[in-house]
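One structure below.
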Amino acid sequence: MAKGHRSQIKRERNAQKDTRPSAKLSYARVSVQKACFVLDAIRGKDVRTALAVLAYSPRYASSLIEKLLKSAIANAENNNGMDAEKLYIAECYANKGPTMKRIRPRAQGRAYRIEKRMSHITIVLDER
């Protein structure tokens, strides 16, 4: 087949695919900035320490991220056969999602816009 054939391009793209276990939460009703405060606290830590940090964090995003981390751990154990004790958080980030626009009535017939932001949160684990 030719070098630029569609099937060969797909084969090369799939060969470069990341095989590390991960979990993604789409359309989380928390802004990227607020989610990143929690993600920065757990980035690079081992899984047990990260779960302890999330359990005692007072922020709303910590409950979402804790559930997401448990899902990523389950993916690592069931799909990749990894040991949960050796896992650590290799990557964690929040990307901007869609924004819901709402209107807030104000004095003298004016209207202010309220933007309810969403984010897509991703956690990638790896073994030490």
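We label chains A, B, ... in the order they appear in the structure tokens, count residues from 1 in each chain, and number ligands from 1 in the order shown.
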Show me a table, sorted first by chain and then by increasing residue number, of the residues of segment 22-71 of chain A having an atom at most 8 Å from segment 111-124 of chain A, each with its shortest atom pair and the distance in Å to one decimal, counting only C-alpha atoms and written as a tab-separated table.
residue	atom	partner	partner_atom	distance
A:Ser22	CA	A:Val124	CA	4.3
A:Ala23	CA	A:Ile123	CA	5.5
A:Lys24	CA	A:Thr122	CA	4.4
A:Leu25	CA	A:Ile121	CA	5.1
A:Ser26	CA	A:His120	CA	4.4
A:Tyr27	CA	A:Ser119	CA	5.5
A:Ala28	CA	A:Ser119	CA	5.3
A:Arg29	CA	A:Met118	CA	4.8
A:Val30	CA	A:Met118	CA	5.3
A:Ser31	CA	A:Arg117	CA	5.1
A:Val32	CA	A:Ser119	CA	5.5
A:Ala35	CA	A:Ile121	CA	7.9
A:Ile65	CA	A:Ile121	CA	7.9
A:Leu68	CA	A:Ile123	CA	7.5
A:Leu69	CA	A:Ile123	CA	6.8
Give me the residues within 10 Å of Leu39 of chain A as a list in words, counting only C-alpha atoms and dropping any in the same chain fewer than 5 places off.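 In the requested form, the answer reads Gln33, Lys34, Gly44, Ala50, Leu54, Ala61, Ser62, Ile65, Glu91, Cys92, Tyr93, Ala94, Ile121, Thr122 and Ile123 of chain A.
If only C-alpha atoms are the atoms counted, then among A:Met100, A:Leu125, A:Val53, A:Ile9 the closest residue to Ser71 of chain A is A:Leu125.
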Give the strand (DSSP E or B) residues of segment 17-82 of chain A, as assigned by DSSP on the backbone, as a PyMOL selection string. chain A and resi 22-28+46
Writer output for current selection, N, CA and C atoms, as a CSV table (one decimal), in the first residue's frame:
chain,number,residue,atom,x,y,z
A,22,SER,N,-7.0,5.9,32.4
A,22,SER,CA,-7.5,7.2,32.6
A,22,SER,C,-9.0,7.2,32.8
A,23,ALA,N,-9.5,8.4,33.2
A,23,ALA,CA,-10.9,8.6,33.4
A,23,ALA,C,-11.2,10.0,33.1
A,24,LYS,N,-12.4,10.3,32.4
A,24,LYS,CA,-12.7,11.6,32.0
A,24,LYS,C,-14.1,11.9,32.4
A,25,LEU,N,-14.3,13.1,33.0
A,25,LEU,CA,-15.6,13.6,33.4
A,25,LEU,C,-16.0,14.8,32.5
A,26,SER,N,-17.0,14.6,31.7
A,26,SER,CA,-17.3,15.7,30.7
A,26,SER,C,-18.5,16.5,31.3
A,27,TYR,N,-18.6,17.7,31.0
A,27,TYR,CA,-19.6,18.6,31.4
A,27,TYR,C,-19.8,18.7,32.9
A,28,ALA,N,-18.8,18.8,33.6
A,28,ALA,CA,-18.8,19.0,35.1
A,28,ALA,C,-19.3,20.4,35.4
A,46,ASP,N,0.8,9.9,44.9
A,46,ASP,CA,0.3,8.5,44.8
A,46,ASP,C,-1.2,8.5,45.1
Out of chain A, which residues get helix (DSSP H, G or I) from DSSP, as a PyMOL selection string? chain A and resi 6-15+32-42+47-55+60-79+84-86+107-109
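In this model, the gap between atom CA of Glu85 of chain A and atom CA of Arg128 of chain A comes to 9.4 Å.
One distance worth recording is that between atom CA of Cys36 of chain A and atom CA of Leu87 of chain A, which is 21.0 Å.
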Tell me which protein, DNA and RNA residues are within 9 Å of Ala76 of chain A, counting only C-alpha atoms, leaving out same-chain ones fewer than 3 positions away, and put them as an mmCIF file with C-alpha atoms, in the first residue's frame.
data_model
loop_
_atom_site.group_PDB
_atom_site.id
_atom_site.type_symbol
_atom_site.label_atom_id
_atom_site.label_comp_id
_atom_site.auth_asym_id
_atom_site.auth_seq_id
_atom_site.Cartn_x
_atom_site.Cartn_y
_atom_site.Cartn_z
ATOM 1 C CA ARG A 20 -2.150 4.461 30.471
ATOM 2 C CA PRO A 21 -5.405 4.077 32.447
ATOM 3 C CA SER A 22 -7.507 7.223 32.607
ATOM 4 C CA SER A 71 -13.103 5.380 38.476
ATOM 5 C CA ALA A 72 -9.575 5.724 37.049
ATOM 6 C CA ILE A 73 -8.250 3.310 39.718
ATOM 7 C CA ASN A 79 -8.672 -3.173 32.175
ATOM 8 C CA ASN A 80 -4.879 -3.003 32.563
ATOM 9 C CA GLY A 81 -4.323 -5.446 35.463
ATOM 10 C CA MET A 82 -2.284 -2.909 37.463
ATOM 11 C CA ASP A 83 -1.740 -2.935 41.224
ATOM 12 C CA ALA A 84 -3.614 -0.103 42.964
ATOM 13 C CA LEU A 87 -0.385 3.844 41.007
ATOM 14 C CA LEU A 125 -2.657 7.277 36.129
ATOM 15 C CA ASP A 126 0.620 5.394 35.794
#
Considering only C-alpha atoms, can you say which of A:Ala107, A:Gln16, A:Arg11, A:Val47 comes closest to Ala74 of chain A? A:Val47
Hey, which of A:Asn75, A:Ser63, A:Phe37, A:Tyr88 ends up closest to Thr49 of chain A? Count only C-alpha atoms.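 Going through A:Asn75, A:Ser63, A:Phe37, A:Tyr88 one by one, the smallest distance to Thr49 of chain A is for A:Tyr88.
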